[in-house]
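Notes to accompany the following structure.
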Amino acid sequence: LVQLPIPPPGPEAVRGNVPLAAAYLKLFARRQGLLTAFRIELLPAAVANTRGDRGLVEEILRRGPWMVGFTCCLWNIERTLWITRRLKEAATDLRVVLGGPEITLDNRWLLEERAVDYAVIGEGEQTFSELLAALRSGAGPTAPVPGLWTRQAKRPPRRKELPDLDAIGSPYVEGILDAGAQGTDVLRSRRRISTVSKAFVPPDLREVRSGAAAGESVMLLETARGCRYRCKYCYYPHGSGSIRRLSAEKLEENLRYADRQNVSEVFLLDPTLNQRADFADLLRLLARGNPRRQFTYSAELRAEGIDAATAHLLAAARFEEVEIGLQSLDPEAQRLMGRAVDLPALERGAKAMLDEGIRVRLDLILGLPGDTADSIRRGFDYLDRARPFSELQIFNLSILPGTAFRAQAAKLGLEFQPRPPYYVLKTPTLDTESLYRLMEEALDRFGIELDALPPVRLRAPRAQSEGTQGVPGPIFAQQKSGQSPPRQESGQSPGAGEEIVDQAAVDLDGPSPAASLPPAARRAQAFTLWLRAADFHARRDAAAQCVAAVLADNPHTTLQVVVEPADPRRLTSAALEAILAACHESLSYLDWYYSLHPRGRLGAKRLVVVAPWAKRRTLEPAWMRAVQDCATLVWCKDAAEGKIFEEAE
Ligand code: SF4
């Protein structure tokens, strides 16, 4: 079972990828006695999070699987499909099963994919186990299995959900996942990466977005599945109809595990934590389950239901952060999205929590049908005045598969991206340009730094190509902010295969530059291509070919192209444009994801120009402007300890 991570926006380690859904599948199959016939392996995070596309294909094939299952979310579905095609080419008998929130009957482009044999729609535990049972006793299901799409059963009967969450058990308590013990700083930073609100998406997405990873100290916990609300942008009401609970006894068992494991945060995945009548009792139980107050809780809830006493109970249990949804102030937008907001009650609830020292993250959506530029600006005015939050999160609306908005898109006049993240591009009252401008206004007005590019971190390549070096050389990156140099992440834990390579230096003046790249299967998902040439203008086609070769092998890579000209003046705009065009020849999730971002130059590819500090006075301001229009300019200084790289102002 494979769960591919949110791609990192730069050459840095991925950590936010807990395969919780896969762990549930395995645990449920074990409870059905299926592990006497099947061995189920969760692809380790150290492999799933680091390998490039080809490397993942090789790692999966090396294990000789009989069937491979993927958890499919917005950020990994296209990469997953690319990988499944290669798997099927290499092993025609291999079975492929998909699950996760991307699997819905209205996501036809995905179900038409030839490499897919089975697709699990909705809650997966029972369906996956029934598929295994059918495969154990024959070639596969002979009659439609509820919730299971196959080529023979394209409209399967609806899956009846599990009666309660005790039926699934805890993958932590039962030894499938390890909540480990590392800091949660990464959790915070990973939360910033995704602009699709938790509130927009079903829990499977949140599991990953929450930023925890196997081995990190965050535990993901569902005390309930299902939501009584019916927000039309959200898949949850369709994916999970009734509300099912985890018993108090099982909840306490999970919390004892968290306490024993020295977990630092328990992230509650419930869609609306306070939708239950016994919410105060739940908070008391959570407080009792945290006797040393060593971990914090965080969750999403409706602020309208919070009074001073409840806020006090939240603080007593050690909630440090909650997320609440406002989404829109406009009555028509609220009507169309099926979510009414009681503004005075929301404000009172948010303030009660703020008064208790709880951080409140408030969500607002841009692009809801019914909203206009004026109504959104009125929302900004209100938020600026009332400030019922510690942090404001502004998201573009996604028209997610399986949602009421997706079903009604044509009727509502919504145009949206055909591929994830399915951002709305046009509504009857907002065009793309307005959405773009409104986001820019919001960022300026509220001082939001939305997914800023991480600082450039460079590691000087060795004299020859680094392509065969698995273990990186010394890092001499220096941040302007005075941060300490980044930890070396690239060579870590590549799994049982060969070491992976996260950087290759290519001399464009040499023969067949692209041929000097390290083998595609050994390249990391976050990869730096370091190009050198005496005359970049003359070698621009060779540079573009190298970029194209990297992306042809691993199209979903997060690619940093470093251009280091021997003579900076021979690095012309034409050369930079040729390299950028090659970068954008192939688009992946981060490119779509950042496409409505007003702060430019964000995506899966980043261009960095390295120039010698000693020559800076010889460079024309026009040259620097041209470079900085499309790349990050970095000065390279020689120092006693090696080369130091520093971003230009
Ligand atoms: S409250 Fe609305 S957005 Fe949140 S899970 Fe329920 S239906 Fe979805």
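A note on labels: chains of the structure tokens are A, B, ... as shown, every chain counts residues from 1, and ligands are counted from 1 in their shown order.
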key: DSSP strand (DSSP E) residues within segment 4-216 of chain A, as a VMD selection string   = chain A and resid 67 to 71 95 to 99 118 to 120 148 to 150
Output for the residues just chosen: C-alpha atoms as a JSON list (two decimals), in the first residue's frame:
[["chain", "number", "residue", "atom", "x", "y", "z"],
["A", 67, "MET", "CA", -1.29, -6.22, -6.04],
["A", 68, "VAL", "CA", -0.48, -2.56, -5.33],
["A", 69, "GLY", "CA", -2.90, -0.14, -3.69],
["A", 70, "PHE", "CA", -2.60, 3.65, -3.66],
["A", 71, "THR", "CA", -4.25, 6.26, -1.46],
["A", 95, "ARG", "CA", -3.29, -5.76, -9.97],
["A", 96, "VAL", "CA", -3.80, -2.10, -9.12],
["A", 97, "VAL", "CA", -6.39, -0.82, -6.65],
["A", 98, "LEU", "CA", -7.00, 2.85, -5.87],
["A", 99, "GLY", "CA", -8.76, 4.43, -2.91],
["A", 118, "TYR", "CA", -10.20, -1.73, -8.90],
["A", 119, "ALA", "CA", -11.23, 1.54, -7.27],
["A", 120, "VAL", "CA", -12.67, 1.83, -3.78],
["A", 148, "LEU", "CA", -15.91, -1.31, -5.39],
["A", 149, "TRP", "CA", -15.62, 0.01, -8.93],
["A", 150, "THR", "CA", -14.38, -2.53, -11.45]]
task = Set the cut-off to 6 Å, count only C-alpha atoms and all ligand atoms, and list whatever residues fall near ligand 1 as a PyMOL selection string.
result = chain A and resi 199-200+227+229-231+234+236-237+271-272
Write the selection just made, keeping N, CA, C and O atoms, as a compact mmCIF listing (two decimals), in the first residue's frame?
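Resulting contents of out-v4.txt:
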# COMPACT_ATOMS: atom_id res chain seq x y z
N ALA A 199 -11.25 22.19 5.98
CA ALA A 199 -12.71 22.15 5.95
C ALA A 199 -13.24 21.77 4.58
O ALA A 199 -14.39 21.40 4.45
N PHE A 200 -12.43 21.84 3.54
CA PHE A 200 -12.93 21.54 2.22
C PHE A 200 -12.91 20.06 1.94
O PHE A 200 -13.41 19.62 0.94
N CYS A 227 -20.28 13.84 9.34
CA CYS A 227 -20.55 15.24 9.69
C CYS A 227 -22.02 15.53 9.48
O CYS A 227 -22.62 15.08 8.50
N TYR A 229 -23.25 18.46 8.99
CA TYR A 229 -23.44 19.61 8.10
C TYR A 229 -23.36 19.16 6.64
O TYR A 229 -22.91 18.04 6.36
N ARG A 230 -23.73 20.02 5.75
CA ARG A 230 -23.78 19.66 4.33
C ARG A 230 -23.18 20.79 3.48
O ARG A 230 -23.83 21.29 2.56
N CYS A 231 -21.96 21.17 3.78
CA CYS A 231 -21.34 22.25 3.01
C CYS A 231 -21.08 21.74 1.58
O CYS A 231 -20.54 20.64 1.41
N CYS A 234 -17.66 20.50 0.14
CA CYS A 234 -16.98 19.45 0.91
C CYS A 234 -17.44 18.06 0.47
O CYS A 234 -18.64 17.83 0.26
N TYR A 236 -17.04 15.43 2.36
CA TYR A 236 -17.29 14.62 3.55
C TYR A 236 -18.74 14.12 3.66
O TYR A 236 -18.97 12.93 3.90
N PRO A 237 -19.74 14.97 3.45
CA PRO A 237 -21.11 14.48 3.61
C PRO A 237 -21.42 13.34 2.63
O PRO A 237 -22.27 12.50 2.90
N PRO A 271 -14.36 15.93 11.67
CA PRO A 271 -14.70 17.07 10.80
C PRO A 271 -15.15 18.30 11.58
O PRO A 271 -14.80 19.41 11.25
N THR A 272 -15.95 18.13 12.58
CA THR A 272 -16.40 19.25 13.42
C THR A 272 -16.43 18.70 14.83
O THR A 272 -17.39 18.04 15.22
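Atom CA of Asn76 of chain A sits 15.9 Å away from atom CA of Gln417 of chain A.
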task = Quick one: everything within 8 Å of Arg540 of chain A, counting only C-alpha atoms, minus sequence neighbours fewer than 2 positions away in the same chain. Send it as a PyMOL selection string.
result = chain A and resi 536-538+542-544+574-576+578-579
message = Neighbouring residues of segment 510-512 of chain A were defined as those with any atom within 10 Å, considering only C-alpha atoms; residues of the same chain fewer than 5 positions away were excluded. Please report them as a list in words.
response =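 Skipping anything fewer than 5 positions along the chain leaves Leu517, Arg532, Ala533, Ala542 and Cys546 of chain A.
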request  = Tell me which of A:Cys630, A:Arg457, A:Asp106, A:Val561 sits closest to Gln408 of chain A, counting only C-alpha atoms.
outcome  = A:Asp106
query = Which neighbours of segment 425-429 of chain A fall inside 7 Å, counting only C-alpha atoms, when residues of the same chain fewer than 6 positions from it are skipped, and could you give them as number ranges by chain?
reply = A: 369-372, 413-417
Write to file, as an mmCIF file, in the first residue's frame, the residues of the selection just made, with N, CA, C and O atoms.
data_model
loop_
_atom_site.group_PDB
_atom_site.id
_atom_site.type_symbol
_atom_site.label_atom_id
_atom_site.label_comp_id
_atom_site.auth_asym_id
_atom_site.auth_seq_id
_atom_site.Cartn_x
_atom_site.Cartn_y
_atom_site.Cartn_z
ATOM 1 N N PRO A 369 -19.563 30.642 -5.238
ATOM 2 C CA PRO A 369 -20.651 31.208 -6.034
ATOM 3 C C PRO A 369 -21.509 32.113 -5.148
ATOM 4 O O PRO A 369 -21.736 31.799 -3.984
ATOM 5 N N GLY A 370 -21.925 33.216 -5.703
ATOM 6 C CA GLY A 370 -22.716 34.177 -4.926
ATOM 7 C C GLY A 370 -21.861 35.309 -4.401
ATOM 8 O O GLY A 370 -22.332 36.426 -4.233
ATOM 9 N N ASP A 371 -20.602 35.042 -4.142
ATOM 10 C CA ASP A 371 -19.723 36.117 -3.679
ATOM 11 C C ASP A 371 -19.337 37.018 -4.855
ATOM 12 O O ASP A 371 -19.209 36.556 -6.000
ATOM 13 N N THR A 372 -19.151 38.282 -4.550
ATOM 14 C CA THR A 372 -18.667 39.241 -5.546
ATOM 15 C C THR A 372 -17.413 39.892 -4.976
ATOM 16 O O THR A 372 -17.107 39.724 -3.782
ATOM 17 N N GLY A 413 -22.711 27.848 -12.974
ATOM 18 C CA GLY A 413 -21.813 28.635 -13.838
ATOM 19 C C GLY A 413 -20.374 28.649 -13.347
ATOM 20 O O GLY A 413 -19.669 29.641 -13.492
ATOM 21 N N LEU A 414 -19.928 27.543 -12.767
ATOM 22 C CA LEU A 414 -18.565 27.489 -12.234
ATOM 23 C C LEU A 414 -17.627 26.848 -13.248
ATOM 24 O O LEU A 414 -17.892 25.755 -13.748
ATOM 25 N N GLU A 415 -16.540 27.541 -13.533
ATOM 26 C CA GLU A 415 -15.490 26.943 -14.376
ATOM 27 C C GLU A 415 -14.308 26.671 -13.477
ATOM 28 O O GLU A 415 -13.956 27.498 -12.644
ATOM 29 N N PHE A 416 -13.677 25.517 -13.673
ATOM 30 C CA PHE A 416 -12.587 25.160 -12.766
ATOM 31 C C PHE A 416 -11.518 24.365 -13.501
ATOM 32 O O PHE A 416 -11.742 23.853 -14.593
ATOM 33 N N GLN A 417 -10.357 24.275 -12.865
ATOM 34 C CA GLN A 417 -9.252 23.530 -13.454
ATOM 35 C C GLN A 417 -9.674 22.075 -13.672
ATOM 36 O O GLN A 417 -10.290 21.478 -12.787
#
request  = Name all residues at most 9 Å from segment 611-626 of chain A (count only C-alpha atoms; drop same-chain ones fewer than 6 positions away) and give them as a ChimeraX atom specification.
outcome  = /A:563-569,571-573,633-638
Could those residues be written to a file, using N, CA and C atoms, as a CSV table (one decimal), in the first residue's frame?
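In the end it all went to again03.csv:
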chain,number,residue,atom,x,y,z
A,563,VAL,N,21.9,27.5,-12.4
A,563,VAL,CA,22.6,27.9,-13.6
A,563,VAL,C,23.9,28.7,-13.1
A,564,GLU,N,25.0,28.1,-13.4
A,564,GLU,CA,26.3,28.8,-13.0
A,564,GLU,C,27.2,29.1,-14.2
A,565,PRO,N,27.0,30.3,-14.7
A,565,PRO,CA,27.8,30.6,-15.9
A,565,PRO,C,29.3,31.0,-15.5
A,566,ALA,N,30.2,30.6,-16.3
A,566,ALA,CA,31.6,31.0,-16.1
A,566,ALA,C,31.7,32.5,-16.3
A,567,ASP,N,31.0,33.0,-17.4
A,567,ASP,CA,30.9,34.4,-17.7
A,567,ASP,C,29.5,34.8,-17.6
A,568,PRO,N,29.1,35.5,-16.5
A,568,PRO,CA,27.7,35.8,-16.3
A,568,PRO,C,27.1,36.6,-17.5
A,569,ARG,N,27.9,37.4,-18.1
A,569,ARG,CA,27.4,38.2,-19.2
A,569,ARG,C,26.9,37.4,-20.4
A,571,LEU,N,25.2,34.8,-20.0
A,571,LEU,CA,23.9,34.2,-19.6
A,571,LEU,C,22.8,35.2,-20.1
A,572,THR,N,22.2,35.0,-21.2
A,572,THR,CA,21.3,36.0,-21.8
A,572,THR,C,19.9,35.7,-21.4
A,573,SER,N,19.0,36.6,-21.7
A,573,SER,CA,17.6,36.4,-21.5
A,573,SER,C,17.1,35.2,-22.3
A,633,LEU,N,18.6,35.1,-7.8
A,633,LEU,CA,20.0,35.4,-8.0
A,633,LEU,C,20.8,35.1,-6.7
A,634,VAL,N,21.8,34.4,-6.8
A,634,VAL,CA,22.6,34.0,-5.6
A,634,VAL,C,24.1,34.3,-5.9
A,635,TRP,N,24.7,35.0,-4.9
A,635,TRP,CA,26.1,35.3,-5.0
A,635,TRP,C,26.9,34.1,-4.4
A,636,CYS,N,28.0,33.8,-5.1
A,636,CYS,CA,28.9,32.8,-4.6
A,636,CYS,C,30.2,33.4,-4.1
A,637,LYS,N,30.5,33.2,-2.8
A,637,LYS,CA,31.7,33.7,-2.2
A,637,LYS,C,32.6,32.6,-1.9
A,638,ASP,N,33.9,32.9,-2.1
A,638,ASP,CA,34.9,31.9,-1.6
A,638,ASP,C,35.3,32.2,-0.2
query = Can you list, as a ChimeraX atom specification, every protein, DNA or RNA residue that comes within 12 Å of Leu34 of chain A when you count only C-alpha atoms, leaving out same-chain residues fewer than 2 positions away?
reply = /A:25-32,36-40,126,128-137
Selection to disk with N, CA and C atoms, as a PDB file, in the first residue's frame:
ATOM      1  N   LEU A  25      -6.606  -0.017   6.588  1.00  0.00           N
ATOM      2  CA  LEU A  25      -6.928  -1.147   5.697  1.00  0.00           C
ATOM      3  C   LEU A  25      -6.240  -2.413   6.180  1.00  0.00           C
ATOM      4  N   LYS A  26      -4.984  -2.258   6.523  1.00  0.00           N
ATOM      5  CA  LYS A  26      -4.225  -3.424   6.961  1.00  0.00           C
ATOM      6  C   LYS A  26      -4.791  -3.979   8.268  1.00  0.00           C
ATOM      7  N   LEU A  27      -5.092  -3.072   9.169  1.00  0.00           N
ATOM      8  CA  LEU A  27      -5.593  -3.501  10.469  1.00  0.00           C
ATOM      9  C   LEU A  27      -6.941  -4.213  10.331  1.00  0.00           C
ATOM     10  N   PHE A  28      -7.802  -3.648   9.494  1.00  0.00           N
ATOM     11  CA  PHE A  28      -9.124  -4.253   9.317  1.00  0.00           C
ATOM     12  C   PHE A  28      -8.985  -5.627   8.653  1.00  0.00           C
ATOM     13  N   ALA A  29      -8.089  -5.724   7.672  1.00  0.00           N
ATOM     14  CA  ALA A  29      -7.869  -7.014   7.001  1.00  0.00           C
ATOM     15  C   ALA A  29      -7.335  -8.041   8.008  1.00  0.00           C
ATOM     16  N   ARG A  30      -6.487  -7.560   8.894  1.00  0.00           N
ATOM     17  CA  ARG A  30      -5.966  -8.479   9.921  1.00  0.00           C
ATOM     18  C   ARG A  30      -7.105  -8.990  10.788  1.00  0.00           C
ATOM     19  N   ARG A  31      -8.001  -8.086  11.160  1.00  0.00           N
ATOM     20  CA  ARG A  31      -9.129  -8.490  12.003  1.00  0.00           C
ATOM     21  C   ARG A  31     -10.069  -9.470  11.294  1.00  0.00           C
ATOM     22  N   GLN A  32     -10.077  -9.423   9.965  1.00  0.00           N
ATOM     23  CA  GLN A  32     -10.917 -10.372   9.221  1.00  0.00           C
ATOM     24  C   GLN A  32     -10.181 -11.689   8.974  1.00  0.00           C
ATOM     25  N   THR A  36      -3.612 -14.263   7.028  1.00  0.00           N
ATOM     26  CA  THR A  36      -3.076 -15.627   6.897  1.00  0.00           C
ATOM     27  C   THR A  36      -2.819 -15.922   5.421  1.00  0.00           C
ATOM     28  N   ALA A  37      -3.523 -15.218   4.551  1.00  0.00           N
ATOM     29  CA  ALA A  37      -3.358 -15.463   3.109  1.00  0.00           C
ATOM     30  C   ALA A  37      -2.556 -14.361   2.424  1.00  0.00           C
ATOM     31  N   PHE A  38      -2.532 -13.202   3.012  1.00  0.00           N
ATOM     32  CA  PHE A  38      -1.866 -12.059   2.366  1.00  0.00           C
ATOM     33  C   PHE A  38      -0.853 -11.429   3.310  1.00  0.00           C
ATOM     34  N   ARG A  39       0.221 -10.949   2.726  1.00  0.00           N
ATOM     35  CA  ARG A  39       1.141 -10.119   3.500  1.00  0.00           C
ATOM     36  C   ARG A  39       0.972  -8.699   2.956  1.00  0.00           C
ATOM     37  N   ILE A  40       0.619  -7.779   3.835  1.00  0.00           N
ATOM     38  CA  ILE A  40       0.393  -6.393   3.385  1.00  0.00           C
ATOM     39  C   ILE A  40       1.523  -5.523   3.891  1.00  0.00           C
ATOM     40  N   GLN A 126     -13.985  -2.066   4.757  1.00  0.00           N
ATOM     41  CA  GLN A 126     -14.745  -3.285   4.441  1.00  0.00           C
ATOM     42  C   GLN A 126     -14.582  -3.655   2.971  1.00  0.00           C
ATOM     43  N   PHE A 128     -12.132  -3.033   0.858  1.00  0.00           N
ATOM     44  CA  PHE A 128     -10.810  -3.584   0.546  1.00  0.00           C
ATOM     45  C   PHE A 128     -10.713  -5.029   1.039  1.00  0.00           C
ATOM     46  N   SER A 129     -11.222  -5.273   2.234  1.00  0.00           N
ATOM     47  CA  SER A 129     -11.158  -6.638   2.758  1.00  0.00           C
ATOM     48  C   SER A 129     -12.020  -7.592   1.929  1.00  0.00           C
ATOM     49  N   GLU A 130     -13.168  -7.120   1.489  1.00  0.00           N
ATOM     50  CA  GLU A 130     -14.014  -7.988   0.656  1.00  0.00           C
ATOM     51  C   GLU A 130     -13.353  -8.259  -0.686  1.00  0.00           C
ATOM     52  N   LEU A 131     -12.631  -7.284  -1.206  1.00  0.00           N
ATOM     53  CA  LEU A 131     -11.881  -7.518  -2.451  1.00  0.00           C
ATOM     54  C   LEU A 131     -10.815  -8.590  -2.214  1.00  0.00           C
ATOM     55  N   LEU A 132     -10.089  -8.463  -1.117  1.00  0.00           N
ATOM     56  CA  LEU A 132      -9.061  -9.465  -0.814  1.00  0.00           C
ATOM     57  C   LEU A 132      -9.694 -10.854  -0.680  1.00  0.00           C
ATOM     58  N   ALA A 133     -10.829 -10.906   0.001  1.00  0.00           N
ATOM     59  CA  ALA A 133     -11.480 -12.209   0.196  1.00  0.00           C
ATOM     60  C   ALA A 133     -11.874 -12.810  -1.150  1.00  0.00           C
ATOM     61  N   ALA A 134     -12.380 -11.967  -2.052  1.00  0.00           N
ATOM     62  CA  ALA A 134     -12.781 -12.472  -3.372  1.00  0.00           C
ATOM     63  C   ALA A 134     -11.558 -12.925  -4.167  1.00  0.00           C
ATOM     64  N   LEU A 135     -10.466 -12.224  -4.020  1.00  0.00           N
ATOM     65  CA  LEU A 135      -9.254 -12.597  -4.754  1.00  0.00           C
ATOM     66  C   LEU A 135      -8.603 -13.850  -4.152  1.00  0.00           C
ATOM     67  N   ARG A 136      -8.809 -14.045  -2.864  1.00  0.00           N
ATOM     68  CA  ARG A 136      -8.233 -15.230  -2.231  1.00  0.00           C
ATOM     69  C   ARG A 136      -8.901 -16.495  -2.773  1.00  0.00           C
ATOM     70  N   SER A 137     -10.204 -16.380  -3.004  1.00  0.00           N
ATOM     71  CA  SER A 137     -10.901 -17.598  -3.408  1.00  0.00           C
ATOM     72  C   SER A 137     -11.105 -17.689  -4.922  1.00  0.00           C
TER      73      SER A 137
END
task = Tell me which of A:Ala143, A:Val609, A:Leu251, A:Ala45 sits closest to Gly16 of chain A, counting only C-alpha atoms.
result =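 Checking each candidate against Gly16 of chain A, we get A:Ala45 as the closest.
Taking only C-alpha atoms into account, Leu165 of chain A lies nearest to A:Leu246 out of the set A:Leu246, A:Ile121, A:Cys583, A:Glu222.
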Of the listed residues A:Ser217, A:Ser170, A:Thr557, A:Ser516, that which approaches Leu20 of chain A most closely, counting only C-alpha atoms =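 Looking at the shortest contact to Leu20 of chain A, the residue is A:Ser170.
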request  = Mind giving me the straight-line distance from atom CA of Ala309 of chain A to atom CA of Glu249 of chain A in Å, one decimal?
outcome  =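 Atom CA of Ala309 of chain A sits 25.1 Å away from atom CA of Glu249 of chain A.
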query = Which one of A:Ala521, A:Leu362, A:Met219, A:Ala248 sits closest to Leu285 of chain A if you count only C-alpha atoms?
reply =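 Closest residue, counting only C-alpha atoms: A:Ala248.
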ask   = Which residues in segment 64-183 of chain A does DSSP call alpha helix (DSSP H)? List them as an MDAnalysis selection string.
value = chainID A and resid 77:90 108:111 125:136
